[in-house]
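Participant: Input data.txt, format and content: compact mmCIF, C-alpha atoms.
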```txt
# COMPACT_ATOMS: atom_id res chain seq x y z
CA MET D 1 0.00 0.00 0.00
CA LEU D 2 2.86 2.39 0.80
CA ARG D 3 4.25 2.12 -2.69
CA GLU D 4 0.81 2.65 -4.25
CA VAL D 5 0.29 5.83 -2.20
CA TYR D 6 3.75 7.09 -3.13
CA LEU D 7 3.28 6.44 -6.85
CA TYR D 8 -0.16 8.02 -6.95
CA SER D 9 1.06 11.14 -5.16
CA LYS D 10 3.77 11.42 -7.82
CA THR D 11 1.56 10.87 -10.86
CA GLY D 12 -1.95 12.02 -9.88
CA LEU D 13 -3.76 15.23 -10.70
CA GLY D 14 -2.55 16.81 -7.45
CA ILE D 15 1.02 17.09 -8.75
CA LYS D 16 -0.01 20.26 -10.64
CA TYR D 17 -0.77 22.14 -7.42
CA HIS D 18 1.63 23.57 -4.85
CA PRO D 19 2.08 21.40 -1.73
CA ILE D 20 1.24 24.27 0.65
CA GLU D 21 -2.15 24.67 -1.03
CA LYS D 22 -2.88 20.95 -0.67
CA LEU D 23 -1.70 20.87 2.94
CA LEU D 24 -3.99 23.77 3.82
CA LEU D 25 -6.90 22.10 2.00
CA GLY D 26 -6.43 18.97 4.09
CA ILE D 27 -5.22 20.25 7.48
CA LEU D 28 -7.35 23.36 8.13
CA PRO D 29 -10.65 21.41 8.21
CA LEU D 30 -9.15 18.87 10.62
CA ILE D 31 -8.11 21.68 12.96
CA ILE D 32 -11.54 23.32 12.80
CA ILE D 33 -13.58 20.16 13.45
CA GLY D 34 -11.47 19.66 16.55
CA GLN D 35 -12.84 22.95 17.90
CA LYS D 36 -16.49 22.51 16.87
CA ASN D 37 -19.06 19.96 18.02
CA ASN D 38 -22.16 20.79 15.98
CA PHE D 39 -23.31 18.42 13.27
CA LEU D 40 -23.71 21.19 10.69
CA ILE D 41 -19.99 21.93 10.39
CA LEU D 42 -19.18 18.20 10.40
CA THR D 43 -21.62 17.63 7.55
CA ILE D 44 -20.23 20.61 5.62
CA TYR D 45 -16.68 19.30 5.86
CA LEU D 46 -17.80 15.79 4.94
CA ILE D 47 -19.29 17.19 1.72
CA TYR D 48 -16.19 19.41 1.33
CA PHE D 49 -13.83 16.42 1.29
CA PHE D 50 -16.10 14.39 -0.97
CA PHE D 51 -16.03 17.28 -3.44
CA ILE D 52 -12.26 17.87 -3.47
CA GLU D 53 -11.47 14.16 -3.66
CA TYR D 54 -13.88 13.83 -6.58
CA TYR D 55 -12.24 16.87 -8.23
CA PHE D 56 -8.77 15.39 -7.83
CA LYS D 57 -10.07 11.99 -9.08
CA LEU D 58 -8.61 10.07 -6.15
CA PRO D 59 -9.07 6.27 -6.22
CA ILE D 60 -12.00 5.15 -4.06
CA ARG D 61 -10.25 1.88 -3.24
CA MET D 62 -7.33 3.69 -1.61
CA ILE D 63 -9.60 6.12 0.25
CA PHE D 64 -11.60 3.17 1.59
CA LYS D 65 -8.41 1.58 2.95
CA PHE D 66 -7.62 4.76 4.89
CA PHE D 67 -11.19 4.79 6.21
CA LEU D 68 -11.05 1.15 7.34
CA LEU D 69 -7.79 1.77 9.18
CA SER D 70 -9.27 4.77 11.04
CA ALA D 71 -12.61 3.05 11.65
CA GLY D 72 -10.89 0.07 13.28
CA PHE D 73 -9.28 2.23 15.96
CA THR D 74 -12.51 4.24 16.38
CA LEU D 75 -14.65 1.14 16.96
CA LEU D 76 -12.25 -0.01 19.68
CA SER D 77 -12.53 3.43 21.31
CA MET D 78 -16.33 3.34 21.03
CA ILE D 79 -16.49 0.12 23.05
CA GLY D 80 -14.80 1.87 25.97
CA LEU D 81 -17.00 4.94 25.60
CA ILE D 82 -20.18 2.84 25.54
CA ILE D 83 -19.10 1.05 28.72
CA SER D 84 -18.37 4.45 30.31
CA GLY D 85 -21.94 5.58 29.53
CA TYR D 86 -21.30 8.23 26.88
CA ASP D 87 -24.28 9.61 25.00
CA TYR D 88 -24.92 8.12 21.56
CA LEU D 89 -24.63 11.60 19.99
CA ASP D 90 -21.02 11.76 21.17
CA LEU D 91 -20.38 8.43 19.46
CA VAL D 92 -21.94 9.72 16.23
CA ARG D 93 -19.73 12.85 16.40
CA LEU D 94 -16.70 10.63 16.93
CA PHE D 95 -17.59 8.56 13.88
CA TYR D 96 -18.13 11.75 11.86
CA ARG D 97 -14.69 13.02 12.88
CA THR D 98 -13.13 9.66 12.05
CA THR D 99 -14.61 9.73 8.55
CA ILE D 100 -13.54 13.33 7.94
CA GLY D 101 -10.08 12.62 9.34
CA ALA D 102 -9.65 9.59 7.07
CA LEU D 103 -10.74 11.66 4.05
CA GLY D 104 -8.37 14.48 5.00
CA ILE D 105 -5.37 12.23 5.55
CA SER D 106 -6.07 10.24 2.38
CA PHE D 107 -6.33 13.49 0.40
CA ILE D 108 -2.95 14.74 1.65
CA ALA D 109 -1.27 11.34 1.20
CA LEU D 110 -2.58 10.79 -2.33
CA THR D 111 -1.96 14.30 -3.66
CA THR D 112 1.15 15.54 -1.82
CA ASP D 113 4.34 13.54 -2.21
CA LEU D 114 6.81 13.61 0.65
CA ASP D 115 9.66 14.86 -1.55
CA SER D 116 7.89 18.17 -2.26
CA ILE D 117 7.24 18.76 1.45
CA LEU D 118 10.83 17.90 2.36
CA TYR D 119 12.10 20.21 -0.39
CA LEU D 120 10.23 23.13 1.17
CA PHE D 121 11.43 22.40 4.70
CA SER D 122 15.00 21.56 3.67
CA ARG D 123 15.45 25.18 2.56
CA PHE D 124 15.66 26.02 6.27
CA SER D 125 19.10 25.02 7.52
CA PHE D 126 17.87 24.00 11.00
CA LEU D 127 15.40 21.52 9.42
CA ARG D 128 17.77 20.05 6.84
CA GLU D 129 18.88 17.08 8.95
CA VAL D 130 15.28 16.36 10.03
CA CYS D 131 14.25 16.18 6.36
CA ASP D 132 17.11 13.81 5.55
CA ILE D 133 16.08 11.54 8.44
CA ALA D 134 12.45 11.59 7.24
CA LYS D 135 13.51 10.66 3.70
CA SER D 136 15.69 7.82 4.99
CA MET D 137 12.79 6.54 7.08
CA GLU D 138 10.54 6.57 4.02
CA ARG D 139 13.00 4.44 2.08
CA PHE D 140 13.36 2.09 5.05
CA LEU D 141 9.55 1.63 5.22
CA PHE D 142 9.50 0.72 1.52
CA LEU D 143 12.23 -1.80 2.24
CA VAL D 144 10.23 -3.31 5.12
CA GLU D 145 7.09 -3.56 2.97
CA ASP D 146 8.94 -5.23 0.08
CA GLU D 147 10.62 -7.67 2.44
CA PHE D 148 7.30 -8.46 4.12
CA PHE D 149 5.62 -9.45 0.86
CA VAL D 150 8.61 -11.57 -0.22
CA VAL D 151 8.60 -13.49 3.07
CA LYS D 152 4.80 -13.75 3.14
CA ASN D 153 4.65 -15.24 -0.35
CA ALA D 154 7.42 -17.68 0.55
CA VAL D 155 5.66 -18.85 3.73
CA THR D 156 2.16 -19.10 2.26
CA SER D 157 3.42 -21.04 -0.78
CA ARG D 158 4.81 -23.71 1.56
CA ASP D 159 1.85 -23.90 3.95
CA CYS D 160 -1.68 -23.33 2.64
CA SER D 161 -3.46 -24.37 5.84
CA THR D 162 -6.64 -22.44 6.67
CA LYS D 163 -6.53 -23.22 10.39
CA TYR D 164 -6.45 -20.11 12.56
CA LYS D 165 -3.65 -21.38 14.82
CA VAL D 166 -1.41 -22.29 11.88
CA ARG D 167 -2.06 -18.95 10.17
CA LEU D 168 -1.21 -17.13 13.41
CA GLN D 169 2.05 -19.08 13.69
CA ASN D 170 2.85 -18.28 10.06
CA TYR D 171 2.38 -14.54 10.64
CA GLY D 172 4.71 -14.79 13.63
CA LYS D 173 7.33 -16.41 11.39
CA ILE D 174 6.75 -13.76 8.72
CA ALA D 175 7.23 -10.92 11.23
CA ALA D 176 10.42 -12.48 12.63
CA CYS D 177 11.93 -13.15 9.20
CA THR D 178 10.98 -9.69 7.94
CA PHE D 179 12.67 -8.02 10.90
CA LYS D 180 15.82 -10.13 10.55
CA ASN D 181 16.10 -9.71 6.78
CA THR D 182 15.44 -5.97 6.97
CA ILE D 183 18.26 -5.45 9.47
CA LEU D 184 20.63 -7.48 7.26
CA ARG D 185 19.52 -5.55 4.17
CA TRP D 186 20.14 -2.24 5.96
CA ARG D 187 23.80 -3.19 6.39
CA GLU D 188 24.05 -3.80 2.65
CA ILE D 189 22.47 -0.41 1.94
CA LYS D 190 24.89 1.28 4.34
CA ASP D 191 27.88 -0.34 2.62
CA ALA D 192 26.53 0.66 -0.79
CA LEU D 193 26.09 4.28 0.30
CA GLU D 194 29.60 4.46 1.72
CA ALA D 195 30.99 2.95 -1.49
CA ARG D 196 29.32 5.77 -3.44
CA ALA D 197 30.88 8.44 -1.16
CA TYR D 198 27.54 9.39 0.41
CA ASN D 199 28.17 12.50 2.55
CA GLY D 200 24.98 12.34 4.63
CA SER D 201 23.06 14.98 2.66
CA ILE D 202 20.13 14.21 0.34
CA ASN D 203 19.34 16.40 -2.65
CA TYR D 204 15.66 17.12 -3.38
CA SER D 205 14.24 17.97 -6.79
CA PRO D 206 12.78 21.51 -7.06
CA LEU D 207 9.02 21.94 -7.34
CA THR D 208 7.37 22.08 -10.74
CA SER D 209 4.15 23.68 -9.43
CA LYS D 210 3.77 27.42 -8.85
CA PHE D 211 2.82 29.04 -5.56
CA SER D 212 -0.41 31.07 -5.72
CA TRP D 213 -1.29 33.60 -3.03
CA ILE D 214 -4.80 33.85 -4.48
CA SER D 215 -5.42 30.12 -3.92
CA ILE D 216 -4.04 30.35 -0.37
CA LEU D 217 -6.30 33.31 0.48
CA ILE D 218 -9.36 31.56 -0.97
CA ILE D 219 -8.70 28.39 1.04
CA ILE D 220 -8.14 30.29 4.29
CA THR D 221 -11.16 32.58 3.72
CA VAL D 222 -13.52 29.68 3.00
CA ASN D 223 -12.44 27.84 6.15
CA ILE D 224 -12.72 30.98 8.29
CA LEU D 225 -16.25 31.60 6.99
CA ILE D 226 -17.27 28.02 7.72
CA PHE D 227 -15.82 28.31 11.24
CA PHE D 228 -17.64 31.55 12.16
CA LEU D 229 -20.94 30.97 10.33
CA THR D 230 -21.68 27.53 11.75
```
Can you give me the file's structure in the form of structure tokens?

Facilitator:
Amino acid sequence: MLREVYLYSKTGLGIKYHPIEKLLLGILPLIIIGQKNNFLILTIYLIYFFFIEYYFKLPIRMIFKFFLLSAGFTLLSMIGLIISGYDYLDLVRLFYRTTIGALGISFIALTTDLDSILYLFSRFSFLREVCDIAKSMERFLFLVEDEFFVVKNAVTSRDCSTKYKVRLQNYGKIAACTFKNTILRWREIKDALEARAYNGSINYSPLTSKFSWISILIIITVNILIFFLT
């Protein structure tokens, strides 16, 4: 899934727009719904995200995966809240916020590639090393995902049992092998970087999109109006 998100953020319609514009489109609503409890503003932002994700032609399958991930944690939280005697309206608000949050995060992830964000922040000298660490972590996560699927395919091809206990044991083996192989692979990557005279600094490609103050003002104005009129 990580690689799919990365590739779509690099090739989708969102690549034509500046990353700051997309970050504001996705983050401002999440900040505002954290300050408001009425259903009107939650409904407005639900429609808001449906509209912008339709405009950017984001894949429904990927959005649904983000929603399922958020909904899983929310359902676990709801069990505790129900036991504690919370009102059902609070649970509905929580589900609303979960849905909006999943839409907001999926929008940012599928339209804004990490390289463009790191390029902006790396222009500040005090954030340069943080950006390099973030980029290295991204590459390491790709490595973990690739290794996981290789080990999973190898294990499942040798044991096709449908028993729950056997499948649980297999996933334990997959996790252990993935961790071991990833650590060994990281040593190979380190040796390869040193052989290529890597000096610890990563170069980021400049942005191809143009910054628009008009777009920024429109986004901020719309969100301010929604905040004060609801």

Participant: For a test of reading the model, state the distance in Å between CA of Gly26 (chain D) and CA of Ser106 (chain D), rounded to one decimal.

Facilitator: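 Answer for the CA of Gly26 (chain D) to CA of Ser106 (chain D) separation: 8.9 Å.
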
Participant: Region 47-61 of chain D: which residues within 8 Å, counting all atoms listed in the file, same-chain residues fewer than 2 positions away excluded, as a ChimeraX atom specification?

Facilitator: /D:12-14,43-45,63-65,100,103-104,107,110

Participant: So how far away is CA of Ala71 (chain D) from CA of Leu89 (chain D), in Å?

Facilitator: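 According to the coordinates, CA of Leu89 (chain D) and CA of Ala71 (chain D) are separated by 16.9 Å.
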
Participant: Return as lines of an AutoDock Vina configuration file the centre and edge lengths, in Å with one decimal, of the box along x, y and z that encloses every atom of region 41-51 of chain D in the file, padded by 6 Å per side.

Facilitator:
```
center_x = -17.7
center_y = 18.2
center_z = 3.5
size_x = 19.8
size_y = 19.5
size_z = 25.8
```

Participant: Would you mind reading off the distance between CA of Tyr17 (chain D) and CA of Phe121 (chain D), one decimal, in Å?

Facilitator: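 Distance between the two atoms: 17.2 Å.
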
Participant: Excluding Tyr96 (chain D) and residues on its chain fewer than 3 positions from it, collect all residues at most 9 Å away from it, counting all atoms listed in the file, and give them as a count of residues only.

Facilitator: 10

Participant: Which polymer residues have any atom within 10 Å of an atom of region 211-222 of chain D, counting all atoms listed in the file, with same-chain residues fewer than 3 positions away left out, as a list in words?

Facilitator: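 Counting only the stated atoms, we get Tyr17, His18, Pro19, Ile20, Glu21, Lys22, Leu24, Leu25, Leu28, Leu207, Thr208, Leu225, Ile226 and Phe227 of chain D.
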
Participant: Using all atoms listed in the file, find the one residue out of D:Gly172, D:Ile32, D:Gly80, D:Tyr119 that sits nearest to Asp132 (chain D).

Facilitator: D:Tyr119
